[in-house]
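Novice: Enclosed is the structure file upload-v7.tsv (TSV, N, CA and C atoms and all ligand atoms).
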```tsv
chain	number	residue	atom	x	y	z
A	1	GLY	N	115.91	99.55	128.47
A	1	GLY	CA	115.74	98.14	128.11
A	1	GLY	C	114.76	97.96	126.97
A	2	THR	N	114.63	96.74	126.55
A	2	THR	CA	113.71	96.40	125.47
A	2	THR	C	112.78	95.30	125.95
A	3	VAL	N	111.51	95.47	125.66
A	3	VAL	CA	110.52	94.44	125.97
A	3	VAL	C	110.08	93.80	124.67
A	4	ILE	N	109.89	92.49	124.69
A	4	ILE	CA	109.35	91.80	123.52
A	4	ILE	C	107.91	91.43	123.83
A	5	GLY	N	107.00	91.85	122.96
A	5	GLY	CA	105.59	91.52	123.13
A	5	GLY	C	105.08	90.74	121.94
A	6	GLN	N	104.21	89.78	122.23
A	6	GLN	CA	103.62	88.99	121.16
A	6	GLN	C	102.12	89.15	121.22
A	7	PHE	N	101.51	89.28	120.05
A	7	PHE	CA	100.08	89.53	120.02
A	7	PHE	C	99.44	88.79	118.86
A	8	THR	N	98.15	88.54	119.01
A	8	THR	CA	97.37	88.02	117.90
A	8	THR	C	96.71	89.20	117.23
A	9	ILE	N	96.52	89.07	115.93
A	9	ILE	CA	95.94	90.17	115.18
A	9	ILE	C	94.81	89.64	114.31
A	10	GLY	N	93.72	90.37	114.30
A	10	GLY	CA	92.56	89.98	113.50
A	10	GLY	C	92.28	90.99	112.42
A	11	GLY	N	91.70	90.51	111.34
A	11	GLY	CA	91.28	91.41	110.27
A	11	GLY	C	92.25	91.54	109.12
A	12	MET	N	93.37	90.80	109.20
A	12	MET	CA	94.33	90.86	108.09
A	12	MET	C	93.94	89.80	107.06
A	13	THR	N	93.66	90.23	105.85
A	13	THR	CA	93.25	89.25	104.84
A	13	THR	C	94.16	89.19	103.65
A	14	CYS	N	95.11	90.08	103.52
A	14	CYS	CA	96.04	89.99	102.40
A	14	CYS	C	97.41	90.52	102.80
A	15	ALA	N	98.38	90.28	101.93
A	15	ALA	CA	99.76	90.64	102.27
A	15	ALA	C	99.93	92.14	102.47
A	16	ALA	N	99.12	92.93	101.80
A	16	ALA	CA	99.23	94.37	101.98
A	16	ALA	C	98.82	94.79	103.38
A	17	CYS	N	97.91	94.02	103.98
A	17	CYS	CA	97.55	94.28	105.38
A	17	CYS	C	98.77	94.16	106.27
A	18	VAL	N	99.56	93.13	106.02
A	18	VAL	CA	100.76	92.89	106.82
A	18	VAL	C	101.70	94.09	106.72
A	19	ASN	N	101.92	94.56	105.51
A	19	ASN	CA	102.78	95.72	105.33
A	19	ASN	C	102.22	96.93	106.04
A	20	SER	N	100.92	97.07	105.98
A	20	SER	CA	100.26	98.21	106.62
A	20	SER	C	100.46	98.17	108.13
A	21	VAL	N	100.21	97.01	108.72
A	21	VAL	CA	100.34	96.89	110.18
A	21	VAL	C	101.80	97.05	110.61
A	22	GLU	N	102.70	96.43	109.87
A	22	GLU	CA	104.12	96.58	110.22
A	22	GLU	C	104.55	98.04	110.12
A	23	GLY	N	104.08	98.73	109.09
A	23	GLY	CA	104.43	100.14	108.92
A	23	GLY	C	103.91	100.99	110.06
A	24	ILE	N	102.68	100.73	110.47
A	24	ILE	CA	102.10	101.47	111.60
A	24	ILE	C	102.94	101.26	112.85
A	25	LEU	N	103.27	99.99	113.11
A	25	LEU	CA	104.04	99.68	114.33
A	25	LEU	C	105.42	100.30	114.29
A	26	ARG	N	106.08	100.20	113.15
A	26	ARG	CA	107.46	100.71	113.07
A	26	ARG	C	107.52	102.22	113.17
A	27	ASN	N	106.43	102.89	112.88
A	27	ASN	CA	106.40	104.35	113.00
A	27	ASN	C	106.06	104.84	114.39
A	28	LEU	N	105.69	103.93	115.28
A	28	LEU	CA	105.36	104.36	116.64
A	28	LEU	C	106.63	104.66	117.42
A	29	PRO	N	106.68	105.80	118.10
A	29	PRO	CA	107.84	106.09	118.92
A	29	PRO	C	108.01	105.03	119.99
A	30	GLY	N	109.21	104.51	120.12
A	30	GLY	CA	109.48	103.49	121.12
A	30	GLY	C	109.48	102.08	120.57
A	31	VAL	N	108.89	101.89	119.39
A	31	VAL	CA	108.92	100.55	118.79
A	31	VAL	C	110.22	100.40	117.99
A	32	ARG	N	110.98	99.38	118.31
A	32	ARG	CA	112.29	99.18	117.69
A	32	ARG	C	112.24	98.16	116.57
A	33	LYS	N	111.30	97.23	116.67
A	33	LYS	CA	111.23	96.17	115.67
A	33	LYS	C	109.80	95.66	115.66
A	34	ALA	N	109.29	95.34	114.49
A	34	ALA	CA	107.93	94.80	114.41
A	34	ALA	C	107.86	93.82	113.25
A	35	VAL	N	107.30	92.65	113.53
A	35	VAL	CA	107.12	91.62	112.51
A	35	VAL	C	105.72	91.06	112.66
A	36	VAL	N	105.02	90.94	111.55
A	36	VAL	CA	103.66	90.41	111.56
A	36	VAL	C	103.59	89.30	110.53
A	37	ALA	N	102.92	88.19	110.88
A	37	ALA	CA	102.78	87.05	109.97
A	37	ALA	C	101.32	86.86	109.59
A	38	LEU	N	101.07	86.82	108.31
A	38	LEU	CA	99.70	86.65	107.83
A	38	LEU	C	99.17	85.25	108.13
A	39	ALA	N	99.99	84.23	107.89
A	39	ALA	CA	99.53	82.84	107.99
A	39	ALA	C	99.09	82.47	109.40
A	40	THR	N	99.80	83.00	110.40
A	40	THR	CA	99.51	82.63	111.78
A	40	THR	C	98.71	83.70	112.53
A	41	SER	N	98.55	84.87	111.91
A	41	SER	CA	97.90	86.00	112.58
A	41	SER	C	98.61	86.38	113.88
A	42	LEU	N	99.92	86.21	113.89
A	42	LEU	CA	100.71	86.58	115.06
A	42	LEU	C	101.65	87.73	114.73
A	43	GLY	N	101.91	88.54	115.73
A	43	GLY	CA	102.86	89.62	115.58
A	43	GLY	C	103.78	89.70	116.77
A	44	GLU	N	104.95	90.28	116.53
A	44	GLU	CA	105.91	90.48	117.62
A	44	GLU	C	106.50	91.87	117.50
A	45	VAL	N	106.57	92.55	118.63
A	45	VAL	CA	107.18	93.87	118.67
A	45	VAL	C	108.25	93.91	119.75
A	46	GLU	N	109.30	94.64	119.45
A	46	GLU	CA	110.29	94.97	120.46
A	46	GLU	C	110.17	96.46	120.70
A	47	TYR	N	110.02	96.83	121.98
A	47	TYR	CA	109.77	98.24	122.26
A	47	TYR	C	110.43	98.68	123.56
A	48	ASP	N	110.57	99.98	123.65
A	48	ASP	CA	111.12	100.63	124.85
A	48	ASP	C	109.94	100.92	125.79
A	49	PRO	N	109.87	100.24	126.93
A	49	PRO	CA	108.70	100.39	127.81
A	49	PRO	C	108.62	101.76	128.48
A	50	THR	N	109.69	102.55	128.39
A	50	THR	CA	109.60	103.91	128.93
A	50	THR	C	108.96	104.85	127.92
A	51	ALA	N	108.80	104.40	126.66
A	51	ALA	CA	108.27	105.25	125.60
A	51	ALA	C	106.86	104.85	125.16
A	52	ILE	N	106.53	103.57	125.30
A	52	ILE	CA	105.24	103.10	124.79
A	52	ILE	C	104.85	101.85	125.57
A	53	ASN	N	103.55	101.59	125.63
A	53	ASN	CA	103.11	100.37	126.32
A	53	ASN	C	102.18	99.56	125.42
A	54	LYS	N	101.76	98.43	125.94
A	54	LYS	CA	100.94	97.52	125.13
A	54	LYS	C	99.61	98.15	124.74
A	55	ASP	N	99.01	98.89	125.66
A	55	ASP	CA	97.73	99.53	125.35
A	55	ASP	C	97.89	100.50	124.17
A	56	ASP	N	98.99	101.25	124.16
A	56	ASP	CA	99.24	102.19	123.05
A	56	ASP	C	99.37	101.44	121.74
A	57	ILE	N	100.05	100.30	121.79
A	57	ILE	CA	100.29	99.52	120.58
A	57	ILE	C	98.98	98.94	120.06
A	58	VAL	N	98.17	98.41	120.98
A	58	VAL	CA	96.85	97.87	120.58
A	58	VAL	C	96.00	98.98	119.97
A	59	THR	N	96.00	100.13	120.61
A	59	THR	CA	95.19	101.24	120.10
A	59	THR	C	95.60	101.64	118.69
A	60	ALA	N	96.89	101.68	118.44
A	60	ALA	CA	97.37	102.06	117.10
A	60	ALA	C	96.92	101.06	116.05
A	61	ILE	N	96.95	99.78	116.39
A	61	ILE	CA	96.52	98.74	115.45
A	61	ILE	C	95.02	98.84	115.22
A	62	GLU	N	94.27	99.04	116.30
A	62	GLU	CA	92.82	99.09	116.18
A	62	GLU	C	92.35	100.36	115.47
A	63	ASP	N	93.08	101.44	115.64
A	63	ASP	CA	92.75	102.67	114.91
A	63	ASP	C	92.87	102.47	113.40
A	64	ALA	N	93.69	101.51	113.00
A	64	ALA	CA	93.87	101.21	111.57
A	64	ALA	C	92.85	100.19	111.07
A	65	GLY	N	91.95	99.73	111.95
A	65	GLY	CA	90.87	98.87	111.52
A	65	GLY	C	91.09	97.38	111.75
A	66	PHE	N	92.14	97.05	112.50
A	66	PHE	CA	92.40	95.64	112.81
A	66	PHE	C	92.13	95.43	114.31
A	67	GLU	N	92.19	94.17	114.71
A	67	GLU	CA	92.07	93.88	116.14
A	67	GLU	C	93.41	93.32	116.62
A	68	ALA	N	93.74	93.60	117.84
A	68	ALA	CA	94.99	93.09	118.40
A	68	ALA	C	94.81	92.75	119.86
A	69	SER	N	95.48	91.68	120.29
A	69	SER	CA	95.41	91.25	121.68
A	69	SER	C	96.76	90.65	122.06
A	70	PHE	N	97.39	91.22	123.06
A	70	PHE	CA	98.69	90.69	123.49
A	70	PHE	C	98.52	89.38	124.22
A	71	VAL	N	99.39	88.45	123.91
A	71	VAL	CA	99.40	87.17	124.60
A	71	VAL	C	100.58	87.11	125.56
A	72	GLN	N	101.54	88.02	125.38
A	72	GLN	CA	102.74	88.04	126.23
A	72	GLN	C	103.38	89.41	126.10
A	101	LIG	MO1	94.34	93.74	101.27
A	101	LIG	MO2	94.25	94.57	104.00
A	101	LIG	O1	93.40	94.19	99.65
A	101	LIG	O2	93.63	96.07	104.99
A	101	LIG	S1	95.31	95.55	102.33
A	101	LIG	S2	92.72	93.33	102.77
```
Take the structure in the file and write it out as C-alpha cells.
Ligand code: 9UX
Specialist:
Amino acid sequence: GTVIGQFTIGGMTCAACVNSVEGILRNLPGVRKAVVALATSLGEVEYDPTAINKDDIVTAIEDAGFEASFVQ
C-alpha cells in the first residue's frame, strides 16, 4: 500500500532549498512521490510503509539541515 504523509518544514529560504528537499525525499527507498512548497512550508510524501516510516523521513530532512514535523 501507499501512505500519504504531510509535514511542515522549516529552514527553507529559497527555491533551491525546495529542489534540495524534494531530491532528498525522492531518493529515499520507499518514497514514491514528494512535493514541497516554499510559500506554505508544507510538504507531502507518498511512501511504502513497509520500506520507510515518518521518523526515517524526518531524519533525512534534518540531516540536510532543515526541520520537519509530520502533521498527518
Ligand atoms: Mo538557497 Mo536553501 O541560496 O538550503 S538553497 S537558502
Novice: Find the residues near ligand LIG 101 (chain A). Use a cut-off of 7 Å, count only C-alpha atoms and all ligand atoms, and write them as a PyMOL selection string.
Specialist: chain A and resi 12-17
Novice: Give me the residues near Phe70 (chain A) as a ChimeraX atom specification, where near means some atom within 6 Å (using all atoms listed in the file) and where sequence neighbours in that chain fewer than 6 positions away do not count.
Specialist: /A:6-8
Novice: Would you kindly return, as a list in words, each protein, DNA or RNA residue with an atom no farther than 8 Å from any atom of Ala68 (chain A), considering only N, CA and C atoms and excluding same-chain residues fewer than 2 positions away?
Specialist: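 After dropping sequence-adjacent residues, the list is Phe7, Thr8, Ile9, Gly10, Gly11, Ile57, Val58, Thr59, Ile61, Glu62, Gly65, Phe66, Phe70 and Val71 of chain A.
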Novice: Measuring between only N, CA and C atoms, which one of A:Glu46, A:Gly5, A:Lys54, A:Asn19 shows the shortest distance to Arg32 (chain A)?
Specialist: A:Glu46
Novice: Pick the closest to Gly30 (chain A) from A:Val18, A:Ser69, A:Ala60, A:Ile52: which is it, counting only N, CA and C atoms?
Specialist: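 Answer, going by the shortest atom-to-atom distance: A:Ile52.
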Novice: What is the atom N of Leu38 (chain A)-CA of Ala51 (chain A) distance in Å, reported with one decimal?
Specialist: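 We find that atom N of Leu38 (chain A) and CA of Ala51 (chain A) lie 26.3 Å from each other.
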Novice: Can you tell me how far atom C of Ser41 (chain A) sits from atom C of Thr2 (chain A), in Å to one decimal?
Specialist: 20.6 Å
Novice: Quick one: of A:Asn27, A:Gln72, A:Thr50, A:Thr40, who's nearest to Gly1 (chain A), counting all atoms listed in the file?
Specialist: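 Smallest distance to Gly1 (chain A) is found for A:Thr50.
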Novice: Could you tell me how far atom N of Asn53 (chain A) sits from atom C of Ala37 (chain A), in Å to one decimal place?
Specialist: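 Interatomic distance, atom C of Ala37 (chain A) to atom N of Asn53 (chain A): 21.9 Å.
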Novice: Given only C-alpha atoms as the basis, pick out the residue of A:Asp55, A:Ala64, A:Pro49, A:Ile4 nearest to Ala34 (chain A).
Specialist: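 When distances to Ala34 (chain A) are compared using only C-alpha atoms, the smallest one comes from A:Ile4.
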Novice: Assign secondary structure with DSSP using the backbone only, and return the residues of chain A in helix (DSSP H, G or I) as an NGL selection string.
Specialist: :A and (15-26 or 54-63)
Novice: Return the single residue from A:Val3, A:Val21, A:Gly43, A:Val31 that is closest to Asp63 (chain A), with distances computed using only C-alpha atoms.
Specialist: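 Distance minimum relative to Asp63 (chain A) lands on A:Val21.
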Novice: Step one, run DSSP on the backbone; step two, keep only residues of region 8-69 of chain A assigned to strand (DSSP E); then write them as a CSV table (one decimal) with N, CA and C atoms, in the frame of the given file.
Specialist:
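Contents of states_9.csv, as written:
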```csv
chain,number,residue,atom,x,y,z
A,8,THR,N,98.2,88.5,119.0
A,8,THR,CA,97.4,88.0,117.9
A,8,THR,C,96.7,89.2,117.2
A,9,ILE,N,96.5,89.1,115.9
A,9,ILE,CA,95.9,90.2,115.2
A,9,ILE,C,94.8,89.6,114.3
A,10,GLY,N,93.7,90.4,114.3
A,10,GLY,CA,92.6,90.0,113.5
A,10,GLY,C,92.3,91.0,112.4
A,31,VAL,N,108.9,101.9,119.4
A,31,VAL,CA,108.9,100.6,118.8
A,31,VAL,C,110.2,100.4,118.0
A,32,ARG,N,111.0,99.4,118.3
A,32,ARG,CA,112.3,99.2,117.7
A,32,ARG,C,112.2,98.2,116.6
A,33,LYS,N,111.3,97.2,116.7
A,33,LYS,CA,111.2,96.2,115.7
A,33,LYS,C,109.8,95.7,115.7
A,34,ALA,N,109.3,95.3,114.5
A,34,ALA,CA,107.9,94.8,114.4
A,34,ALA,C,107.9,93.8,113.2
A,35,VAL,N,107.3,92.6,113.5
A,35,VAL,CA,107.1,91.6,112.5
A,35,VAL,C,105.7,91.1,112.7
A,36,VAL,N,105.0,90.9,111.6
A,36,VAL,CA,103.7,90.4,111.6
A,36,VAL,C,103.6,89.3,110.5
A,37,ALA,N,102.9,88.2,110.9
A,37,ALA,CA,102.8,87.0,110.0
A,37,ALA,C,101.3,86.9,109.6
A,42,LEU,N,99.9,86.2,113.9
A,42,LEU,CA,100.7,86.6,115.1
A,42,LEU,C,101.6,87.7,114.7
A,43,GLY,N,101.9,88.5,115.7
A,43,GLY,CA,102.9,89.6,115.6
A,43,GLY,C,103.8,89.7,116.8
A,44,GLU,N,105.0,90.3,116.5
A,44,GLU,CA,105.9,90.5,117.6
A,44,GLU,C,106.5,91.9,117.5
A,45,VAL,N,106.6,92.6,118.6
A,45,VAL,CA,107.2,93.9,118.7
A,45,VAL,C,108.2,93.9,119.8
A,46,GLU,N,109.3,94.6,119.4
A,46,GLU,CA,110.3,95.0,120.5
A,46,GLU,C,110.2,96.5,120.7
A,47,TYR,N,110.0,96.8,122.0
A,47,TYR,CA,109.8,98.2,122.3
A,47,TYR,C,110.4,98.7,123.6
A,67,GLU,N,92.2,94.2,114.7
A,67,GLU,CA,92.1,93.9,116.1
A,67,GLU,C,93.4,93.3,116.6
A,68,ALA,N,93.7,93.6,117.8
A,68,ALA,CA,95.0,93.1,118.4
A,68,ALA,C,94.8,92.8,119.9
A,69,SER,N,95.5,91.7,120.3
A,69,SER,CA,95.4,91.2,121.7
A,69,SER,C,96.8,90.6,122.1
```
Novice: Around all listed atoms of region 28-35 of chain A, padded 5 Å per side, what centre and edge lengths does the axis-aligned box have in Å to one decimal, as lines of an AutoDock Vina configuration file?
Specialist:
```
center_x = 108.8
center_y = 98.6
center_z = 116.8
size_x = 16.9
size_y = 25.0
size_z = 18.6
```
